[in-house]
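Peer 1: What follows is input26.pdb; its format and atoms are PDB, C-alpha atoms.
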```pdb
MODEL        1
ATOM      1  CA  MET A 267      -6.145 -13.873  19.120  1.00  0.00           C
ATOM      2  CA  ARG A 268      -6.582 -15.353  22.578  1.00  0.00           C
ATOM      3  CA  LEU A 269      -2.793 -15.649  22.879  1.00  0.00           C
ATOM      4  CA  ALA A 270      -2.425 -12.007  21.846  1.00  0.00           C
ATOM      5  CA  LEU A 271      -4.906 -11.125  24.603  1.00  0.00           C
ATOM      6  CA  GLU A 272      -2.777 -13.083  27.089  1.00  0.00           C
ATOM      7  CA  ALA A 273       0.238 -11.044  25.977  1.00  0.00           C
ATOM      8  CA  ALA A 274      -1.803  -7.849  26.441  1.00  0.00           C
ATOM      9  CA  LYS A 275      -2.614  -8.950  29.996  1.00  0.00           C
ATOM     10  CA  LYS A 276       1.126  -9.340  30.671  1.00  0.00           C
ATOM     11  CA  ALA A 277       1.635  -5.757  29.525  1.00  0.00           C
ATOM     12  CA  PHE A 278      -1.226  -4.611  31.751  1.00  0.00           C
ATOM     13  CA  GLU A 279       0.366  -6.309  34.774  1.00  0.00           C
ATOM     14  CA  LYS A 280       3.651  -4.502  34.059  1.00  0.00           C
ATOM     15  CA  GLY A 281       1.903  -1.111  33.845  1.00  0.00           C
ATOM     16  CA  GLU A 282       2.237  -0.944  30.073  1.00  0.00           C
ATOM     17  CA  VAL A 283      -0.538  -0.070  27.644  1.00  0.00           C
ATOM     18  CA  PRO A 284      -2.108  -3.524  27.218  1.00  0.00           C
ATOM     19  CA  VAL A 285      -1.519  -4.495  23.624  1.00  0.00           C
ATOM     20  CA  GLY A 286      -0.367  -7.946  22.608  1.00  0.00           C
ATOM     21  CA  ALA A 287       0.779  -9.457  19.314  1.00  0.00           C
ATOM     22  CA  VAL A 288       1.388 -12.997  18.103  1.00  0.00           C
ATOM     23  CA  ILE A 289       2.797 -14.115  14.754  1.00  0.00           C
ATOM     24  CA  VAL A 290       1.738 -17.513  13.450  1.00  0.00           C
ATOM     25  CA  ASP A 291       3.089 -19.349  10.418  1.00  0.00           C
ATOM     26  CA  SER A 292       1.608 -22.632   9.213  1.00  0.00           C
ATOM     27  CA  GLY A 293      -0.246 -23.029  12.502  1.00  0.00           C
ATOM     28  CA  GLU A 294       2.890 -22.551  14.611  1.00  0.00           C
ATOM     29  CA  ILE A 295       3.562 -19.576  16.895  1.00  0.00           C
ATOM     30  CA  ILE A 296       6.827 -18.057  15.741  1.00  0.00           C
ATOM     31  CA  ALA A 297       6.819 -14.825  17.782  1.00  0.00           C
ATOM     32  CA  GLU A 298       4.954 -13.079  20.567  1.00  0.00           C
ATOM     33  CA  GLY A 299       5.195  -9.631  22.075  1.00  0.00           C
ATOM     34  CA  CYS A 300       3.517  -7.102  24.296  1.00  0.00           C
ATOM     35  CA  ASN A 301       3.986  -3.388  24.716  1.00  0.00           C
ATOM     36  CA  SER A 302       7.087  -2.536  26.715  1.00  0.00           C
ATOM     37  CA  CYS A 303       7.538   1.166  25.907  1.00  0.00           C
ATOM     38  CA  GLU A 304       7.679   2.220  29.566  1.00  0.00           C
ATOM     39  CA  GLU A 305      10.173  -0.495  30.455  1.00  0.00           C
ATOM     40  CA  HIS A 306      12.513   0.535  27.636  1.00  0.00           C
ATOM     41  CA  MET A 307      11.609   4.237  27.788  1.00  0.00           C
ATOM     42  CA  SER A 308      11.074   4.187  24.028  1.00  0.00           C
ATOM     43  CA  GLN A 309       8.017   4.273  21.802  1.00  0.00           C
ATOM     44  CA  LEU A 310       9.688   1.735  19.513  1.00  0.00           C
ATOM     45  CA  TYR A 311       8.582  -1.144  21.753  1.00  0.00           C
ATOM     46  CA  HIS A 312       5.014  -1.566  20.550  1.00  0.00           C
ATOM     47  CA  ALA A 313       3.743  -5.154  20.815  1.00  0.00           C
ATOM     48  CA  GLU A 314       4.041  -5.705  17.065  1.00  0.00           C
ATOM     49  CA  MET A 315       7.619  -4.407  16.992  1.00  0.00           C
ATOM     50  CA  VAL A 316       8.609  -6.636  19.921  1.00  0.00           C
ATOM     51  CA  ALA A 317       7.175  -9.676  18.115  1.00  0.00           C
ATOM     52  CA  LEU A 318       8.794  -8.734  14.803  1.00  0.00           C
ATOM     53  CA  ALA A 319      12.196  -8.382  16.482  1.00  0.00           C
ATOM     54  CA  GLN A 320      12.033 -12.082  17.393  1.00  0.00           C
ATOM     55  CA  LEU A 321      11.853 -13.170  13.751  1.00  0.00           C
ATOM     56  CA  GLU A 322      15.201 -14.230  12.374  1.00  0.00           C
ATOM     57  CA  SER A 323      14.385 -14.428   8.678  1.00  0.00           C
ATOM     58  CA  LYS A 324      11.851 -13.642   5.994  1.00  0.00           C
ATOM     59  CA  ASN A 325      11.496 -17.289   5.009  1.00  0.00           C
ATOM     60  CA  PHE A 326       7.863 -17.802   5.926  1.00  0.00           C
ATOM     61  CA  LEU A 327       5.149 -19.796   4.238  1.00  0.00           C
ATOM     62  CA  ASP A 328       2.043 -17.822   5.195  1.00  0.00           C
ATOM     63  CA  PRO A 329       2.596 -15.686   8.297  1.00  0.00           C
ATOM     64  CA  VAL A 330      -0.324 -14.021  10.070  1.00  0.00           C
ATOM     65  CA  LEU A 331       0.028 -11.312  12.698  1.00  0.00           C
ATOM     66  CA  TYR A 332      -2.644 -11.249  15.400  1.00  0.00           C
ATOM     67  CA  CYS A 333      -2.803  -8.045  17.412  1.00  0.00           C
ATOM     68  CA  THR A 334      -5.259  -6.874  20.044  1.00  0.00           C
ATOM     69  CA  HIS A 335      -5.170  -3.326  18.714  1.00  0.00           C
ATOM     70  CA  GLU A 336      -5.156  -1.912  15.182  1.00  0.00           C
ATOM     71  CA  PRO A 337      -1.550  -1.239  14.124  1.00  0.00           C
ATOM     72  CA  CYS A 338      -0.132   2.268  13.896  1.00  0.00           C
ATOM     73  CA  PRO A 339       1.797   3.453  10.798  1.00  0.00           C
ATOM     74  CA  MET A 340       5.193   2.601  12.335  1.00  0.00           C
ATOM     75  CA  CYS A 341       4.152  -0.957  13.102  1.00  0.00           C
ATOM     76  CA  LEU A 342       2.350  -1.486   9.801  1.00  0.00           C
ATOM     77  CA  GLY A 343       5.443  -0.402   7.884  1.00  0.00           C
ATOM     78  CA  ALA A 344       7.609  -2.840   9.833  1.00  0.00           C
ATOM     79  CA  ILE A 345       5.054  -5.643   9.425  1.00  0.00           C
ATOM     80  CA  VAL A 346       4.951  -5.220   5.651  1.00  0.00           C
ATOM     81  CA  GLU A 347       8.758  -4.891   5.427  1.00  0.00           C
ATOM     82  CA  LYS A 348       9.073  -8.221   7.238  1.00  0.00           C
ATOM     83  CA  GLY A 349       6.901  -9.863   4.588  1.00  0.00           C
ATOM     84  CA  ILE A 350       3.703 -10.345   6.579  1.00  0.00           C
ATOM     85  CA  LYS A 351       0.650  -9.781   4.393  1.00  0.00           C
ATOM     86  CA  LYS A 352      -2.143 -10.987   6.713  1.00  0.00           C
ATOM     87  CA  ILE A 353      -3.172  -9.075   9.811  1.00  0.00           C
ATOM     88  CA  VAL A 354      -5.940  -9.895  12.262  1.00  0.00           C
ATOM     89  CA  TYR A 355      -6.727  -7.290  14.906  1.00  0.00           C
ATOM     90  CA  GLY A 356      -9.207  -6.750  17.718  1.00  0.00           C
ATOM     91  CA  ALA A 357      -9.961  -3.156  18.689  1.00  0.00           C
ATOM     92  CA  SER A 358      -9.848  -0.218  16.305  1.00  0.00           C
ATOM     93  CA  GLU A 359      -7.490   2.678  17.023  1.00  0.00           C
ATOM     94  CA  PRO A 360      -9.314   5.962  16.305  1.00  0.00           C
ATOM     95  CA  ARG A 361      -6.195   8.156  16.664  1.00  0.00           C
ATOM     96  CA  TRP A 362      -3.418   6.196  14.960  1.00  0.00           C
ATOM     97  CA  GLY A 363      -4.965   3.161  13.268  1.00  0.00           C
ATOM     98  CA  CYS A 364      -4.003   2.774   9.634  1.00  0.00           C
ATOM     99  CA  LEU A 365      -6.114  -0.218   8.654  1.00  0.00           C
ATOM    100  CA  GLY A 366      -9.403   1.653   8.868  1.00  0.00           C
ATOM    101  CA  GLY A 367      -9.230   3.656  12.131  1.00  0.00           C
ATOM    102  CA  VAL A 368      -7.873   6.922  10.713  1.00  0.00           C
ATOM    103  CA  VAL A 369      -6.829   5.796   7.273  1.00  0.00           C
ATOM    104  CA  ASP A 370      -6.876   2.462   5.459  1.00  0.00           C
ATOM    105  CA  LEU A 371      -3.534   1.550   3.904  1.00  0.00           C
ATOM    106  CA  SER A 372      -4.412  -2.107   3.343  1.00  0.00           C
ATOM    107  CA  GLN A 373      -5.113  -1.696  -0.382  1.00  0.00           C
ATOM    108  CA  ILE A 374      -1.987   0.346  -1.047  1.00  0.00           C
ATOM    109  CA  LEU A 375       0.235  -2.090   0.860  1.00  0.00           C
ATOM    110  CA  GLN A 376      -1.633  -5.174  -0.383  1.00  0.00           C
ATOM    111  CA  VAL A 377      -2.333  -6.477   3.099  1.00  0.00           C
ATOM    112  CA  GLU A 378      -5.210  -8.827   3.900  1.00  0.00           C
ATOM    113  CA  VAL A 379      -6.976  -7.572   7.027  1.00  0.00           C
ATOM    114  CA  THR A 380      -9.483  -9.224   9.328  1.00  0.00           C
ATOM    115  CA  PRO A 381     -10.654  -6.568  11.798  1.00  0.00           C
ATOM    116  CA  HIS A 382     -12.662  -6.706  15.033  1.00  0.00           C
ATOM    117  CA  VAL A 383     -11.791 -10.256  16.163  1.00  0.00           C
ATOM    118  CA  LEU A 384     -12.603 -10.489  19.892  1.00  0.00           C
ATOM    119  CA  GLU A 385     -13.093  -6.737  19.655  1.00  0.00           C
ATOM    120  CA  GLU A 386     -15.041  -6.392  22.903  1.00  0.00           C
ATOM    121  CA  GLU A 387     -12.352  -8.097  25.019  1.00  0.00           C
ATOM    122  CA  CYS A 388      -9.547  -6.217  23.289  1.00  0.00           C
ATOM    123  CA  ARG A 389     -11.286  -2.883  23.811  1.00  0.00           C
ATOM    124  CA  GLU A 390     -12.192  -3.655  27.438  1.00  0.00           C
ATOM    125  CA  ILE A 391      -8.614  -4.256  28.563  1.00  0.00           C
ATOM    126  CA  ILE A 392      -7.479  -0.958  27.017  1.00  0.00           C
ATOM    127  CA  GLN A 393     -10.388   0.946  28.560  1.00  0.00           C
ATOM    128  CA  LYS A 394      -9.754  -0.617  31.969  1.00  0.00           C
ATOM    129  CA  PHE A 395      -6.074   0.348  31.785  1.00  0.00           C
ATOM    130  CA  PHE A 396      -6.749   3.995  30.987  1.00  0.00           C
ATOM    131  CA  LYS A 397      -9.587   4.229  33.526  1.00  0.00           C
ATOM    132  CA  LEU A 398      -7.191   3.059  36.246  1.00  0.00           C
ATOM    133  CA  ARG A 399      -4.506   5.436  35.006  1.00  0.00           C
ATOM    134  CA  ARG A 400      -6.880   8.415  35.183  1.00  0.00           C
ATOM    135  CA  GLN A 401      -7.818   7.536  38.776  1.00  0.00           C
ATOM    136  CA  ARG A 402      -4.241   7.984  39.991  1.00  0.00           C
TER
ENDMDL
END
```
Would you mind writing the file's structure down as C-alpha cells?

Peer 2:
Amino acid sequence: MRLALEAAKKAFEKGEVPVGAVIVDSGEIIAEGCNSCEEHMSQLYHAEMVALAQLESKNFLDPVLYCTHEPCPMCLGAIVEKGIKKIVYGASEPRWGCLGGVVDLSQILQVEVTPHVLEEECREIIQKFFKLRRQR
C-alpha cells in the first residue's frame, strides 16, 4: 500500500486526483498506475485502469490489487475481468465506491476485500488535493 501511496503522490504532483494503484503477484510488483484523467482528458484513466493496462496476460498465480481509494464500478468491473480476486484499499469512496462505500459488490463478484489499510494517509492526500483545488 505504501507503493500505491507513492503513485498517488505522483498524481498529486501532476495536478491529478491523487489515487494510486499497484498490482502484486507472488510478492512481485507486476503493474503500477496513478490517475491521469486530466493528462489524457478522459475519465478512463483511473489509477486502477492504468495499472491494469500494463498487464499482458491473465496468467497470474494470486494477484492482489492495492489501491489508495475504494474502486468505482468501472474499475471494479475491469479488475474482475482481468482475473484479480483480491483487493486492498485505503480510503472509502462515499459517492462511487462499490466495495462498501455506496454498495458492496464483493459477494456478488466473489472478490476478497481488505478495506481501510493506511486509511488515514490515503484520505489525507485526497483531502489536501481538493482543499488546494477549492482555494484557487

Peer 1: May I ask for the distance between atom CA of Ala274 of chain A and atom CA of Thr334 of chain A, given in Å to one decimal place?

Peer 2: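 Going from atom CA of Ala274 of chain A over to atom CA of Thr334 of chain A, I get 7.3 Å.
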
Peer 1: Return as a compact mmCIF listing (two decimals) with C-alpha atoms, in the frame of the given file the set of residues that the PyMOL selection byres ((chain A and resi 295) around 12) yields on the displayed structure.

Peer 2:
```txt
# COMPACT_ATOMS: atom_id res chain seq x y z
CA MET A 267 -6.14 -13.87 19.12
CA LEU A 269 -2.79 -15.65 22.88
CA ALA A 270 -2.42 -12.01 21.85
CA ALA A 287 0.78 -9.46 19.31
CA VAL A 288 1.39 -13.00 18.10
CA ILE A 289 2.80 -14.12 14.75
CA VAL A 290 1.74 -17.51 13.45
CA ASP A 291 3.09 -19.35 10.42
CA SER A 292 1.61 -22.63 9.21
CA GLY A 293 -0.25 -23.03 12.50
CA GLU A 294 2.89 -22.55 14.61
CA ILE A 296 6.83 -18.06 15.74
CA ALA A 297 6.82 -14.82 17.78
CA GLU A 298 4.95 -13.08 20.57
CA GLY A 299 5.20 -9.63 22.08
CA ALA A 317 7.18 -9.68 18.11
CA GLN A 320 12.03 -12.08 17.39
CA LEU A 321 11.85 -13.17 13.75
CA PHE A 326 7.86 -17.80 5.93
CA ASP A 328 2.04 -17.82 5.20
CA PRO A 329 2.60 -15.69 8.30
CA VAL A 330 -0.32 -14.02 10.07
CA LEU A 331 0.03 -11.31 12.70
CA TYR A 332 -2.64 -11.25 15.40
```

Peer 1: My list of candidates is A:Gln309, A:Val377, A:Ser323, A:Val283. Which is closest to Leu342 of chain A when distances are computed with all atoms listed in the file?

Peer 2: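 Ranking A:Gln309, A:Val377, A:Ser323, A:Val283 by distance to Leu342 of chain A, first place goes to A:Val377.
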
Peer 1: Considering only C-alpha atoms, can you say which of A:Leu375, A:Pro284, A:Glu272, A:His335 comes closest to Lys351 of chain A?

Peer 2: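 Of A:Leu375, A:Pro284, A:Glu272, A:His335, the one nearest Lys351 of chain A, counting only C-alpha atoms, is A:Leu375.
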
Peer 1: Counting only C-alpha atoms, which of A:Glu336, A:Glu387, A:Ile345, A:Tyr355 gets nearest to Gly367 of chain A?

Peer 2: A:Glu336

Peer 1: Applying the PyMOL selection byres ((chain A and resi 382) around 8) to the file I just gave you, which residues come out? Please list them as a list in words.

Peer 2: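 Evaluating the PyMOL selection byres ((chain A and resi 382) around 8) on this file yields Val354, Tyr355, Gly356, Ala357, Ser358, Thr380, Pro381, Val383, Leu384 and Glu385 of chain A.
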
Peer 1: Would you mind exporting the chosen residues as an mmCIF file, in the coordinates of the input, restricted to C-alpha atoms?

Peer 2:
```cif
data_model
loop_
_atom_site.group_PDB
_atom_site.id
_atom_site.type_symbol
_atom_site.label_atom_id
_atom_site.label_comp_id
_atom_site.auth_asym_id
_atom_site.auth_seq_id
_atom_site.Cartn_x
_atom_site.Cartn_y
_atom_site.Cartn_z
ATOM 1 C CA VAL A 354 -5.940 -9.895 12.262
ATOM 2 C CA TYR A 355 -6.727 -7.290 14.906
ATOM 3 C CA GLY A 356 -9.207 -6.750 17.718
ATOM 4 C CA ALA A 357 -9.961 -3.156 18.689
ATOM 5 C CA SER A 358 -9.848 -0.218 16.305
ATOM 6 C CA THR A 380 -9.483 -9.224 9.328
ATOM 7 C CA PRO A 381 -10.654 -6.568 11.798
ATOM 8 C CA VAL A 383 -11.791 -10.256 16.163
ATOM 9 C CA LEU A 384 -12.603 -10.489 19.892
ATOM 10 C CA GLU A 385 -13.093 -6.737 19.655
#
```

Peer 1: If we count all atoms listed in the file, what is near Val285 of chain A at a cut-off of 8 Å, once residues fewer than 5 positions away on the same chain are taken out, given as a VMD selection string?

Peer 2: chain A and resid 270 to 271 273 to 275 277 300 to 301 312 to 313 333 to 335 392

Peer 1: Figure out the distance between atom CA of Asp370 of chain A and atom CA of Gly349 of chain A, please, to one decimal in Å.

Peer 2: 18.5 Å

Peer 1: How far is it from atom CA of Glu390 of chain A to atom CA of Arg402 of chain A, in Å with one decimal?

Peer 2: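 That distance, rounded to one decimal, is 18.9 Å.
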
Peer 1: Hey, which of A:Lys276, A:Ile350, A:Met315, A:Cys303 ends up closest to Glu378 of chain A? Count all atoms listed in the file.

Peer 2: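 Closest residue, counting all atoms listed in the file: A:Ile350.
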
Peer 1: Between A:Ile374, A:Cys338, A:Cys388, A:Val346, which residue has the minimum interatomic distance to Trp362 of chain A, considering only C-alpha atoms?

Peer 2: A:Cys338

Peer 1: Let me know the centre plus edge lengths, in Å and rounded to one decimal, of a box with edges along x, y and z that contains all listed atoms of segment 378-390 of chain A and is padded by 3 Å on every side, as JSON.

Peer 2:
```
{"center_x": -10.1, "center_y": -6.7, "center_z": 15.7, "size_x": 15.8, "size_y": 13.6, "size_z": 29.5}
```
